[in-house]
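Next comes query_35.txt, a file with compact mmCIF, C-alpha atoms (C1' of nucleotides).
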# COMPACT_ATOMS: atom_id res chain seq x y z
CA MET A 18 167.98 79.66 104.03
CA ALA A 19 167.89 76.16 102.62
CA PRO A 20 164.96 75.30 100.37
CA ILE A 21 162.18 73.69 102.34
CA ASP A 22 160.88 71.18 99.88
CA ARG A 23 163.80 69.42 98.25
CA PRO A 24 162.94 66.46 95.97
CA LEU A 25 161.10 63.70 97.76
CA THR A 26 163.97 61.22 97.83
CA ASP A 27 166.38 63.60 99.56
CA TYR A 28 164.73 62.97 102.89
CA PRO A 29 165.47 59.93 105.00
CA ARG A 30 162.09 58.28 105.50
CA PRO A 31 160.69 56.46 108.49
CA SER A 32 159.23 53.00 108.31
CA LEU A 33 155.48 53.16 108.51
CA ALA A 34 153.50 50.49 110.35
CA VAL A 35 149.86 49.86 111.13
CA ASP A 36 148.60 48.36 114.38
CA THR A 37 145.00 47.40 114.92
CA ALA A 38 142.76 46.97 117.92
CA VAL A 39 140.18 44.38 116.92
CA LEU A 40 137.23 44.94 119.24
CA THR A 41 134.29 42.68 119.85
CA VAL A 42 131.66 41.92 122.46
CA ARG A 43 131.87 38.43 123.96
CA GLY A 44 129.23 37.65 126.55
CA GLU A 45 128.96 40.74 128.73
CA GLU A 46 132.44 42.00 127.99
CA LEU A 47 134.14 44.27 125.51
CA CYS A 48 137.23 42.40 124.31
CA VAL A 49 140.28 43.12 122.20
CA GLY A 50 142.12 40.61 120.02
CA LEU A 51 145.81 39.94 120.68
CA VAL A 52 148.29 38.05 118.53
CA PRO A 53 148.29 34.46 119.85
CA GLY A 54 150.95 34.05 122.50
CA LYS A 55 152.12 37.66 122.41
CA PRO A 56 151.15 40.76 124.41
CA ARG A 57 150.52 42.88 121.34
CA LEU A 58 148.01 43.92 118.73
CA PRO A 59 148.25 42.59 115.19
CA GLY A 60 150.18 44.87 112.86
CA THR A 61 152.51 45.03 109.91
CA PHE A 62 154.59 47.39 107.86
CA LEU A 63 153.04 49.35 105.04
CA HIS A 64 153.99 47.92 101.64
CA GLU A 65 154.51 49.83 98.43
CA GLY A 66 151.38 50.47 96.42
CA GLU A 67 149.16 49.78 99.40
CA THR A 68 146.83 51.98 101.41
CA LEU A 69 146.76 51.91 105.20
CA ALA A 70 143.42 50.11 105.19
CA ASP A 71 144.88 47.52 102.82
CA ALA A 72 147.79 46.96 105.16
CA VAL A 73 145.45 46.53 108.11
CA ARG A 74 143.38 43.98 106.21
CA ARG A 75 146.51 42.15 105.08
CA SER A 76 147.85 41.94 108.63
CA LEU A 77 144.54 40.65 109.94
CA THR A 78 144.23 38.07 107.19
CA GLN A 79 147.79 36.85 107.64
CA LYS A 80 147.97 36.92 111.41
CA ALA A 81 144.42 35.98 112.28
CA GLY A 82 142.58 34.69 109.25
CA LEU A 83 140.19 37.59 109.56
CA GLU A 84 138.81 38.76 106.20
CA GLY A 85 137.08 41.86 104.91
CA ALA A 86 137.52 44.20 107.86
CA ALA A 87 136.64 47.91 107.60
CA PRO A 88 139.35 49.66 109.61
CA ALA A 89 138.97 53.16 111.04
CA GLN A 90 141.99 55.32 111.79
CA LEU A 91 142.69 56.38 115.35
CA HIS A 92 146.05 58.11 115.71
CA VAL A 93 149.63 58.17 114.52
CA PHE A 94 152.17 57.22 117.16
CA ASP A 95 155.45 58.91 116.40
CA ALA A 96 157.64 58.94 119.50
CA LEU A 97 161.23 58.70 118.27
CA ASP A 98 162.09 55.91 120.67
CA ARG A 99 158.90 53.89 120.42
CA ASP A 100 160.55 51.03 118.52
CA SER A 101 164.04 49.91 119.46
CA ARG A 102 164.61 48.55 115.94
CA GLY A 103 164.66 52.00 114.41
CA TRP A 104 162.56 54.93 113.26
CA VAL A 105 159.05 53.54 112.96
CA LEU A 106 155.79 55.44 113.00
CA SER A 107 152.61 53.49 113.54
CA VAL A 108 149.11 54.39 112.43
CA ALA A 109 146.73 52.90 114.97
CA HIS A 110 143.44 51.51 113.71
CA VAL A 111 140.32 49.98 115.13
CA VAL A 112 138.19 47.21 113.67
CA VAL A 113 134.91 45.98 115.13
CA VAL A 114 133.64 42.49 114.35
CA PRO A 115 131.27 39.96 115.91
CA ALA A 116 132.91 37.64 118.43
CA ASP A 117 132.63 34.65 116.09
CA ALA A 118 134.64 36.47 113.39
CA THR A 119 137.85 37.26 115.23
CA GLY A 120 139.82 34.42 113.63
CA THR A 121 142.70 33.10 115.68
CA LEU A 122 143.13 36.22 117.82
CA GLU A 123 143.12 35.76 121.57
CA LEU A 124 140.25 37.71 123.03
CA VAL A 125 141.04 39.58 126.23
CA PRO A 126 138.70 41.93 128.10
CA THR A 127 139.79 45.47 127.31
CA SER A 128 140.05 46.19 131.01
CA ALA A 129 142.66 43.43 131.29
CA ALA A 130 144.70 44.46 128.25
CA ARG A 131 147.56 46.10 130.14
CA GLY A 132 151.29 45.86 129.72
CA LEU A 133 151.18 45.31 125.97
CA ASP A 134 154.19 45.91 123.72
CA PHE A 135 155.02 49.31 122.22
CA ASP A 136 152.25 51.84 122.75
CA HIS A 137 149.53 49.26 122.35
CA ASP A 138 147.98 49.98 125.75
CA GLN A 139 147.20 53.47 124.52
CA ILE A 140 145.78 52.15 121.26
CA VAL A 141 143.37 49.91 123.14
CA GLN A 142 142.28 52.85 125.28
CA GLN A 143 141.68 55.04 122.25
CA ALA A 144 139.87 52.24 120.45
CA VAL A 145 137.51 51.79 123.39
CA ALA A 146 136.82 55.52 123.55
CA TRP A 147 136.18 55.56 119.80
CA MET A 148 133.72 52.71 120.07
CA GLN A 149 131.91 54.27 123.01
CA GLY A 150 131.48 57.40 120.93
CA ARG A 151 130.11 55.40 118.01
CA TYR A 152 127.61 53.48 120.12
CA ALA A 153 126.48 56.64 121.89
CA GLU A 154 125.10 57.87 118.58
CA ARG A 155 123.55 54.80 117.03
CA PRO A 156 122.15 51.42 118.09
CA ASP A 157 124.66 49.19 116.30
CA PRO A 158 126.76 51.13 113.79
CA GLU A 159 129.38 48.37 113.56
CA HIS A 160 126.88 45.56 112.98
CA LEU A 161 127.91 43.49 115.95
CA LEU A 162 124.42 42.03 115.75
CA GLY A 163 122.70 40.55 112.72
CA ALA A 164 120.01 42.24 110.65
CA GLU A 165 117.29 41.28 113.13
CA LEU A 166 117.78 42.04 116.77
CA THR A 167 115.89 42.30 120.02
CA LEU A 168 116.25 45.12 122.50
CA ARG A 169 117.73 42.62 124.93
CA ASP A 170 120.52 41.77 122.46
CA LEU A 171 121.15 45.42 121.82
CA ARG A 172 121.22 46.33 125.49
CA ARG A 173 123.76 43.58 126.19
CA VAL A 174 126.04 45.08 123.55
CA HIS A 175 125.69 48.59 124.92
CA GLU A 176 126.30 47.42 128.46
CA ALA A 177 129.53 45.76 127.36
CA VAL A 178 130.66 48.81 125.40
CA ARG A 179 129.86 51.28 128.15
CA GLY A 180 130.92 48.99 130.98
CA GLU A 181 127.81 49.57 133.05
CA VAL A 182 124.34 48.13 133.41
CA LEU A 183 121.51 50.04 131.76
CA GLN A 184 117.86 50.29 132.70
CA PRO A 185 115.74 48.29 130.25
CA ASP A 186 112.95 50.85 130.02
CA THR A 187 115.09 53.95 129.53
CA PHE A 188 117.26 52.09 127.05
CA ARG A 189 114.24 50.89 125.11
CA ARG A 190 112.84 54.37 124.74
CA ALA A 191 116.19 55.78 123.72
CA MET A 192 116.65 53.17 120.97
CA LEU A 193 113.13 52.86 119.55
CA PRO A 194 113.42 55.91 117.27
CA TRP A 195 116.31 54.18 115.50
CA LEU A 196 114.58 50.84 115.08
CA GLU A 197 111.91 49.45 112.82
CA PRO A 198 109.70 46.62 114.07
CA THR A 199 109.64 43.55 111.84
CA GLY A 200 106.42 42.24 113.33
CA LEU A 201 108.18 39.00 114.16
CA LEU A 202 108.95 37.65 117.61
CA ARG A 203 111.90 35.79 119.02
CA ARG A 204 111.00 33.09 121.50
CA GLY A 205 113.52 32.26 124.22
CA ASP A 206 113.67 29.47 126.75
CA VAL A 207 111.41 31.28 129.11
CA GLY A 208 109.52 34.53 129.38
CA LYS A 209 107.57 36.71 127.02
CA PRO A 210 108.88 36.58 123.46
CA ALA A 211 110.66 39.73 122.35
CA GLN A 212 109.91 41.80 119.27
CA LEU A 213 112.46 41.65 116.50
CA PHE A 214 113.64 44.95 115.05
CA ARG A 215 115.67 46.07 112.11
CA ARG A 216 118.01 49.08 112.02
CA ARG A 217 116.17 52.02 110.50
CA MET B 25 154.66 31.96 102.84
CA ALA B 26 157.10 34.80 102.94
CA PRO B 27 158.00 36.11 106.39
CA ILE B 28 155.83 39.04 107.34
CA ASP B 29 158.30 41.17 109.24
CA ARG B 30 161.52 41.35 107.31
CA PRO B 31 164.12 43.87 108.55
CA LEU B 32 162.89 47.44 108.48
CA THR B 33 165.02 48.60 105.58
CA ASP B 34 163.75 45.92 103.22
CA TYR B 35 160.57 47.84 102.61
CA PRO B 36 160.29 50.72 100.20
CA ARG B 37 159.04 53.58 102.33
CA PRO B 38 156.68 56.39 101.46
CA SER B 39 157.50 60.03 101.99
CA LEU B 40 155.65 61.36 104.97
CA ALA B 41 154.30 64.89 105.03
CA VAL B 42 152.33 67.01 107.44
CA ASP B 43 149.71 69.55 106.41
CA THR B 44 148.06 71.91 108.84
CA ALA B 45 144.80 73.79 108.97
CA VAL B 46 145.50 76.88 111.05
CA LEU B 47 142.12 78.01 112.33
CA THR B 48 141.20 81.28 113.94
CA VAL B 49 138.25 83.55 114.52
CA ARG B 50 138.45 86.93 112.82
CA GLY B 51 135.49 89.22 113.37
CA GLU B 52 132.42 87.05 113.11
CA GLU B 53 134.03 84.40 110.94
CA LEU B 54 135.93 81.18 111.37
CA CYS B 55 138.96 81.41 109.08
CA VAL B 56 141.73 79.14 107.90
CA GLY B 57 145.27 80.23 107.01
CA LEU B 58 146.59 79.55 103.51
CA VAL B 59 150.14 79.84 102.23
CA PRO B 60 150.45 83.35 100.75
CA GLY B 61 149.59 83.30 97.07
CA LYS B 62 148.81 79.58 96.93
CA PRO B 63 145.58 77.62 97.31
CA ARG B 64 146.98 75.28 99.93
CA LEU B 65 147.60 74.71 103.60
CA PRO B 66 151.10 75.04 105.01
CA GLY B 67 152.95 71.75 105.18
CA THR B 68 156.32 70.07 104.92
CA PHE B 69 158.00 66.71 104.82
CA LEU B 70 158.89 64.95 108.03
CA HIS B 71 162.61 65.12 108.76
CA GLU B 72 164.73 62.51 110.47
CA GLY B 73 164.75 62.69 114.25
CA GLU B 74 161.62 64.80 114.30
CA THR B 75 158.13 64.15 115.57
CA LEU B 76 155.03 65.07 113.59
CA ALA B 77 154.27 67.96 115.94
CA ASP B 78 157.83 69.20 115.47
CA ALA B 79 157.42 69.10 111.70
CA VAL B 80 154.14 71.03 111.94
CA ARG B 81 155.78 73.69 114.11
CA ARG B 82 158.76 73.91 111.78
CA SER B 83 156.53 74.36 108.74
CA LEU B 84 154.51 77.07 110.45
CA THR B 85 157.59 78.89 111.64
CA GLN B 86 159.27 78.75 108.23
CA LYS B 87 156.23 79.44 106.08
CA ALA B 88 154.33 81.83 108.31
CA GLY B 89 156.52 83.01 111.16
CA LEU B 90 154.09 81.37 113.56
CA GLU B 91 155.78 80.12 116.74
CA GLY B 92 154.87 77.70 119.51
CA ALA B 93 151.77 76.07 118.05
CA ALA B 94 150.20 73.02 119.69
CA PRO B 95 149.07 70.84 116.79
CA ALA B 96 146.41 68.16 117.08
CA GLN B 97 146.26 65.23 114.67
CA LEU B 98 143.27 64.79 112.43
CA HIS B 99 143.76 62.04 109.87
CA VAL B 100 146.27 60.36 107.60
CA PHE B 101 145.60 60.82 103.90
CA ASP B 102 147.02 57.89 102.00
CA ALA B 103 145.42 57.72 98.57
CA LEU B 104 148.08 56.29 96.26
CA ASP B 105 147.58 58.99 93.66
CA ARG B 106 147.14 61.98 95.96
CA ASP B 107 150.51 63.51 95.02
CA SER B 108 151.71 63.41 91.41
CA ARG B 109 155.32 63.65 92.57
CA GLY B 110 155.27 60.19 94.07
CA TRP B 111 154.18 58.10 97.03
CA VAL B 112 153.41 60.62 99.76
CA LEU B 113 151.25 60.16 102.81
CA SER B 114 150.16 63.23 104.68
CA VAL B 115 149.22 63.52 108.33
CA ALA B 116 146.66 66.31 108.59
CA HIS B 117 146.81 68.53 111.66
CA VAL B 118 144.86 71.39 113.11
CA VAL B 119 146.20 74.36 115.04
CA VAL B 120 144.05 77.03 116.65
CA VAL B 121 145.48 80.48 117.38
CA PRO B 122 144.14 84.00 117.94
CA ALA B 123 143.69 86.02 114.77
CA ASP B 124 146.63 88.30 115.61
CA ALA B 125 149.00 85.32 115.81
CA THR B 126 148.60 83.79 112.37
CA GLY B 127 151.83 85.26 111.00
CA THR B 128 151.94 85.79 107.27
CA LEU B 129 149.19 83.30 106.43
CA GLU B 130 146.30 84.53 104.32
CA LEU B 131 143.12 84.19 106.29
CA VAL B 132 140.14 82.92 104.34
CA PRO B 133 136.70 82.10 105.74
CA THR B 134 136.45 78.33 106.04
CA SER B 135 133.27 78.41 103.99
CA ALA B 136 135.24 79.96 101.13
CA ALA B 137 138.21 77.59 101.30
CA ARG B 138 137.28 75.45 98.31
CA GLY B 139 139.34 74.14 95.43
CA LEU B 140 142.55 73.85 97.43
CA ASP B 141 145.46 71.68 96.32
CA PHE B 142 145.75 67.98 97.16
CA ASP B 143 143.13 66.87 99.70
CA HIS B 144 143.27 70.14 101.57
CA ASP B 145 139.55 70.83 101.15
CA GLN B 146 138.88 67.72 103.20
CA ILE B 147 141.43 68.72 105.82
CA VAL B 148 139.69 72.07 106.30
CA GLN B 149 136.35 70.30 106.67
CA GLN B 150 137.72 67.90 109.25
CA ALA B 151 139.46 70.70 111.10
CA VAL B 152 136.22 72.66 111.35
CA ALA B 153 134.36 69.60 112.63
CA TRP B 154 137.11 68.97 115.17
CA MET B 155 136.92 72.53 116.41
CA GLN B 156 133.14 72.48 116.63
CA GLY B 157 133.44 69.38 118.78
CA ARG B 158 135.99 71.04 121.04
CA TYR B 159 133.91 74.17 121.54
CA ALA B 160 130.75 72.17 122.17
CA GLU B 161 132.37 70.83 125.34
CA ARG B 162 134.15 73.83 126.79
CA PRO B 163 133.99 77.63 126.63
CA ASP B 164 137.40 78.28 125.07
CA PRO B 165 139.60 75.19 125.11
CA GLU B 166 142.00 76.62 122.54
CA HIS B 167 142.46 79.96 124.29
CA LEU B 168 141.30 82.10 121.41
CA LEU B 169 140.52 84.67 124.07
CA GLY B 170 142.81 85.96 126.81
CA ALA B 171 142.67 84.98 130.46
CA GLU B 172 139.85 87.43 131.15
CA LEU B 173 136.81 87.39 128.96
CA THR B 174 133.24 88.60 128.80
CA LEU B 175 130.28 86.52 127.77
CA ARG B 176 129.94 88.73 124.70
CA ASP B 177 133.49 87.89 123.59
CA LEU B 178 132.86 84.24 124.18
CA ARG B 179 129.56 84.23 122.35
CA ARG B 180 131.14 85.89 119.32
CA VAL B 181 133.71 83.08 119.19
CA HIS B 182 131.08 80.37 119.49
CA GLU B 183 128.91 81.98 116.84
CA ALA B 184 131.86 82.00 114.44
CA VAL B 185 132.76 78.39 115.23
CA ARG B 186 129.21 77.11 114.91
CA GLY B 187 128.28 79.39 112.06
CA GLU B 188 125.01 80.53 113.59
CA VAL B 189 123.78 83.22 115.93
CA LEU B 190 123.16 82.21 119.52
CA GLN B 191 120.73 83.61 122.06
CA PRO B 192 122.58 85.65 124.68
CA ASP B 193 120.55 84.36 127.61
CA THR B 194 120.65 80.68 126.79
CA PHE B 195 124.33 80.92 125.95
CA ARG B 196 125.07 82.70 129.19
CA ARG B 197 123.38 80.04 131.29
CA ALA B 198 125.12 77.25 129.40
CA MET B 199 128.57 78.78 129.95
CA LEU B 200 128.31 80.07 133.52
CA PRO B 201 129.10 76.71 135.15
CA TRP B 202 132.48 76.75 133.37
CA LEU B 203 133.36 80.32 134.32
CA GLU B 204 134.60 82.06 137.43
CA PRO B 205 133.71 85.72 137.97
CA THR B 206 136.69 87.98 138.56
CA GLY B 207 134.58 90.70 140.14
CA LEU B 208 135.92 93.14 137.56
CA LEU B 209 133.97 94.82 134.79
CA ARG B 210 134.85 95.70 131.23
CA ARG B 211 133.46 99.01 130.04
CA GLY B 212 132.64 99.38 126.34
CA ASP B 213 131.70 102.38 124.23
CA VAL B 214 128.12 102.16 125.25
CA GLY B 215 125.83 100.02 127.33
CA LYS B 216 126.07 98.30 130.66
CA PRO B 217 129.61 97.13 131.46
CA ALA B 218 130.07 93.37 131.27
CA GLN B 219 131.43 91.12 133.98
CA LEU B 220 134.87 89.67 133.36
CA PHE B 221 135.27 85.95 133.86
CA ARG B 222 138.12 83.51 134.03
CA ARG B 223 138.03 79.92 132.79
CA ARG B 224 137.32 77.63 135.71
C1' DC C 2 100.72 28.76 139.61
C1' DG C 3 105.54 30.84 139.91
C1' DA C 4 109.55 32.41 137.69
C1' DA C 5 111.41 34.85 134.09
C1' DT C 6 111.51 38.04 130.55
C1' DA C 7 109.15 41.93 127.71
C1' DG C 8 106.91 46.10 127.58
C1' DT C 9 104.05 50.39 129.28
C1' DG C 10 102.28 54.26 132.49
C1' DT C 11 103.58 57.79 134.85
C1' DC C 12 106.07 60.85 137.83
C1' DT C 13 110.05 63.85 138.75
C1' DC C 14 113.94 66.47 137.70
C1' DT C 15 116.84 68.75 134.61
C1' DT C 16 117.76 71.32 130.56
C1' DA C 17 117.24 73.94 126.24
C1' DG C 18 115.01 77.49 124.31
C1' DA C 19 112.48 81.46 124.01
C1' DC C 20 110.20 85.82 125.32
C1' DA C 21 109.94 89.58 128.22
C1' DA C 22 111.43 92.55 131.61
C1' DT C 23 114.92 94.97 134.31
C1' DA C 24 119.65 97.18 135.02
C1' DT C 25 123.45 100.12 133.87
C1' DT C 26 126.14 102.48 131.05
C1' DT C 27 127.42 106.33 127.09
C1' DA C 28 126.19 109.99 124.00
C1' DT D 12 116.42 110.97 127.78
C1' DA D 13 117.39 107.54 124.06
C1' DA D 14 120.07 103.87 122.52
C1' DA D 15 122.82 100.10 123.42
C1' DT D 16 124.36 96.39 125.90
C1' DA D 17 124.16 93.14 130.08
C1' DT D 18 121.58 90.38 133.05
C1' DT D 19 117.65 88.02 135.21
C1' DG D 20 112.63 86.08 135.67
C1' DT D 21 109.80 82.96 134.05
C1' DC D 22 107.31 79.93 131.09
C1' DT D 23 107.16 75.85 128.02
C1' DA D 24 108.52 71.74 125.87
C1' DA D 25 111.42 67.84 125.63
C1' DG D 26 114.17 64.34 127.56
C1' DA D 27 116.59 61.32 131.08
C1' DG D 28 115.91 58.50 134.66
C1' DA D 29 113.55 55.87 137.88
C1' DC D 30 109.77 53.16 139.94
C1' DA D 31 105.85 50.49 139.61
C1' DC D 32 102.80 48.00 137.10
C1' DT D 33 101.01 44.98 133.32
C1' DA D 34 101.69 41.21 129.69
C1' DT D 35 103.12 36.82 127.95
C1' DT D 36 105.59 32.94 127.91
C1' DC D 37 107.69 28.20 129.91
C1' DG D 38 108.11 24.58 133.25

In structure tokens, how does this file's structure come out?
Amino acid sequence: MAPIDRPLTDYPRPSLAVDTAVLTVRGEELCVGLVPGKPRLPGTFLHEGETLADAVRRSLTQKAGLEGAAPAQLHVFDALDRDSRGWVLSVAHVVVVPADATGTLELVPTSAARGLDFDHDQIVQQAVAWMQGRYAERPDPEHLLGAELTLRDLRRVHEAVRGEVLQPDTFRRAMLPWLEPTGLLRRGDVGKPAQLFRRR
Amino acid sequence: MAPIDRPLTDYPRPSLAVDTAVLTVRGEELCVGLVPGKPRLPGTFLHEGETLADAVRRSLTQKAGLEGAAPAQLHVFDALDRDSRGWVLSVAHVVVVPADATGTLELVPTSAARGLDFDHDQIVQQAVAWMQGRYAERPDPEHLLGAELTLRDLRRVHEAVRGEVLQPDTFRRAMLPWLEPTGLLRRGDVGKPAQLFRRR
DNA sequence: CGAATAGTGTCTCTTAGACAATATTTA
DNA sequence: TAAATATTGTCTAAGAGACACTATTCG
């Protein structure tokens, strides 16, 4: 039997790419950022001496002017025929940022992000599922909102992430254990001012 | 600015490996399979024309005589210094099989699998968490048990996976909605025979 | 005041968890 | 019969969800 682990360089190696679903909440909708003018997620090839997270940040900086992201890994796509240019594996990532920090990406509601290049439809799906899992556990783990937030703000985010309207009272009681009142109020245009909270 | 996507072959490429935590339940314990005589998980380098799942199956067949596994991806480990032989990324996988189907692997309780090579300690940890998540949702998603099972069998598996003893009555009521009675009984050495169920 | 938003009281239903009792087998 | 295992009855506590009500602001 041939030895299993010959020296590293004896093996032909695939190209390794990263592709990233940049998610945000804009208005009432969960949106994903596409490369301007193209039906695809931002991505790039992994460079020597670079980690996957580095490559994700580089691609977002170069293609969208988006700095300092904290990418999370989703899945490696490895179908042999996924890229007509050759043997390319892609490590899918997800990044969550506030809507005003998505750089030059074109924001599209996740429900409308269909027919993208490569396996990017699947990446968007997995990214949404990942985010729903995150927000099921905690009020705002990805800091879509600032340090001080009202329950109305928070509920809007959760409604966008989950894609359904939530009852204000049930939602309030579910979130309160995770929040710390600041004692301050936020006054709106109309109605009773809301308490401001901080993440506990 | 330099073009971002030069032809594929212009980039130096990392070696890509797969490493697999083979999990099983033996007796009352959740165990992981190590390569005989070595403190490491079975793994190999990805070959040309092969998917990651193929590479996992090949490594398990060659190193442990374990056929037909259905690997699930966990995480890509990409620390630049994780392998002293060079630039190697590893895609961690998990495979769950009955204890009598682990081939020549050395079974070690997951709680005792410490000090393994590379980042294999972390892989075991992630594999255990993955499996706990799976078994929190369904009675036996990985078919550790055969087609017909008793609630005692099932509880033993869940106790091993969760690492704690479970109350028979509460467990029974939690599982019944997922099970279909066969009408048959399984007689033991002593005690009332148990109903046999099938996964619904 | 009326509209709009924030927040609370309270009821119901479901579920987890536990304890105790009953049922059926083997030795 | 005694011991072991399987199964069910029942109680309690906690939580989700819904409805109705109260509170506070602006125009």

Subject >> Residues of chain C within 9 Å of chain A, all atoms listed in the file counted, as a PyMOL selection string >> reply: chain C and resi 4-9

Define the interface residues of chain D facing chain A as those within 7 Å, counting only C-alpha atoms (C1' of nucleotides), and report them as a PDB file with C-alpha atoms (C1' of nucleotides), in the coordinates of the input.
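result.pdb was written with the following content:
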ATOM      1  C1'  DG D  28     115.910  58.500 134.660  1.00  0.00           C
ATOM      2  C1'  DT D  35     103.120  36.820 127.950  1.00  0.00           C
ATOM      3  C1'  DT D  36     105.590  32.940 127.910  1.00  0.00           C
ATOM      4  C1'  DC D  37     107.690  28.200 129.910  1.00  0.00           C
TER       5       DC D  37
END

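Computed from the coordinates, the CA of Ser114 in chain B to CA of Leu97 in chain A distance equals 18.1 Å.
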
Subject >> Within 10 Å of chain A: residues of chain B, using all atoms listed in the file, as an NGL selection string >> reply: :B and (25 or 28-40 or 67-77 or 83 or 86-87 or 97-105 or 109-113 or 115)

Original post:
Leaving out range 147-155 of chain B and any residue of its chain fewer than 3 positions from it, which residues lie within 10 Å of it when counting all atoms listed in the file, given as JSON, numbers by chain?
Top reply: {"B": [43, 44, 45, 46, 47, 54, 55, 56, 57, 65, 96, 97, 98, 99, 100, 101, 115, 116, 117, 118, 119, 120, 134, 135, 137, 138, 140, 142, 143, 144, 158, 159, 160, 165, 166, 185, 186]}

Original post:
Leaving out Leu178 in chain B and any residue of its chain fewer than 6 positions from it, which residues lie within 10 Å of it when counting only C-alpha atoms (C1' of nucleotides), given as a list in words?
Top reply: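 The contact residues come out as Pro163, Asp164, Leu168, Leu169, Phe195, Arg196 and Met199 of chain B.
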
Original post:
Could you list as a list in words every residue that has an atom within 12 Å of (110.7, 85.3, 126.5), using the file's coordinates and counting all atoms listed in the file?
Top reply: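 Protein and nucleic acid residues near the point are Gln191, Asp193 and Thr194 of chain B; DG18, DA19, DC20, DA21 and DA22 of chain C; DT19, DG20, DT21, DC22 and DT23 of chain D.
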
Build an axis-aligned box that encloses every atom of range 179-188 of chain A listed in the file, pad it by 3 Å on each side, and report its centre and edge lengths in Å to one decimal, as AutoDock Vina command-line options.
--center_x 121.9 --center_y 51.0 --center_z 130.2 --size_x 24.0 --size_y 11.8 --size_z 12.4

**OP:** Find the spatial neighbours of Arg50 in chain B, counting all atoms listed in the file, within a cut-off of 10 Å - ignore same-chain residues fewer than 3 positions away - and output them as a PyMOL selection string.
**Re:** chain B and resi 47+53-56+122-124+131-133+180-181+184

Prev. selection, C-alpha atoms, output as a PDB file, in the frame of the given file:
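What landed in again.pdb:
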ATOM      1  CA  LEU B  47     142.120  78.010 112.330  1.00  0.00           C
ATOM      2  CA  GLU B  53     134.030  84.400 110.940  1.00  0.00           C
ATOM      3  CA  LEU B  54     135.930  81.180 111.370  1.00  0.00           C
ATOM      4  CA  CYS B  55     138.960  81.410 109.080  1.00  0.00           C
ATOM      5  CA  VAL B  56     141.730  79.140 107.900  1.00  0.00           C
ATOM      6  CA  PRO B 122     144.140  84.000 117.940  1.00  0.00           C
ATOM      7  CA  ALA B 123     143.690  86.020 114.770  1.00  0.00           C
ATOM      8  CA  ASP B 124     146.630  88.300 115.610  1.00  0.00           C
ATOM      9  CA  LEU B 131     143.120  84.190 106.290  1.00  0.00           C
ATOM     10  CA  VAL B 132     140.140  82.920 104.340  1.00  0.00           C
ATOM     11  CA  PRO B 133     136.700  82.100 105.740  1.00  0.00           C
ATOM     12  CA  ARG B 180     131.140  85.890 119.320  1.00  0.00           C
ATOM     13  CA  VAL B 181     133.710  83.080 119.190  1.00  0.00           C
ATOM     14  CA  ALA B 184     131.860  82.000 114.440  1.00  0.00           C
TER      15      ALA B 184
END

**OP:** Considering all atoms listed in the file, return as a ChimeraX atom specification whatever protein or nucleic-acid residues lie within 12 Å of DC12 in chain C, sequence-local ones (same chain, fewer than 6 positions apart) excluded.
**Re:** /D:28-31

Original post:
Distance CA of Trp202 in chain B-C1' of DA24 in chain C, one decimal place?
Top reply: 24.2 Å

**OP:** Work out how far CA of Leu166 in chain A is from CA of Leu196 in chain A, in Å to one decimal.
**Re:**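 It comes out at 9.5 Å.
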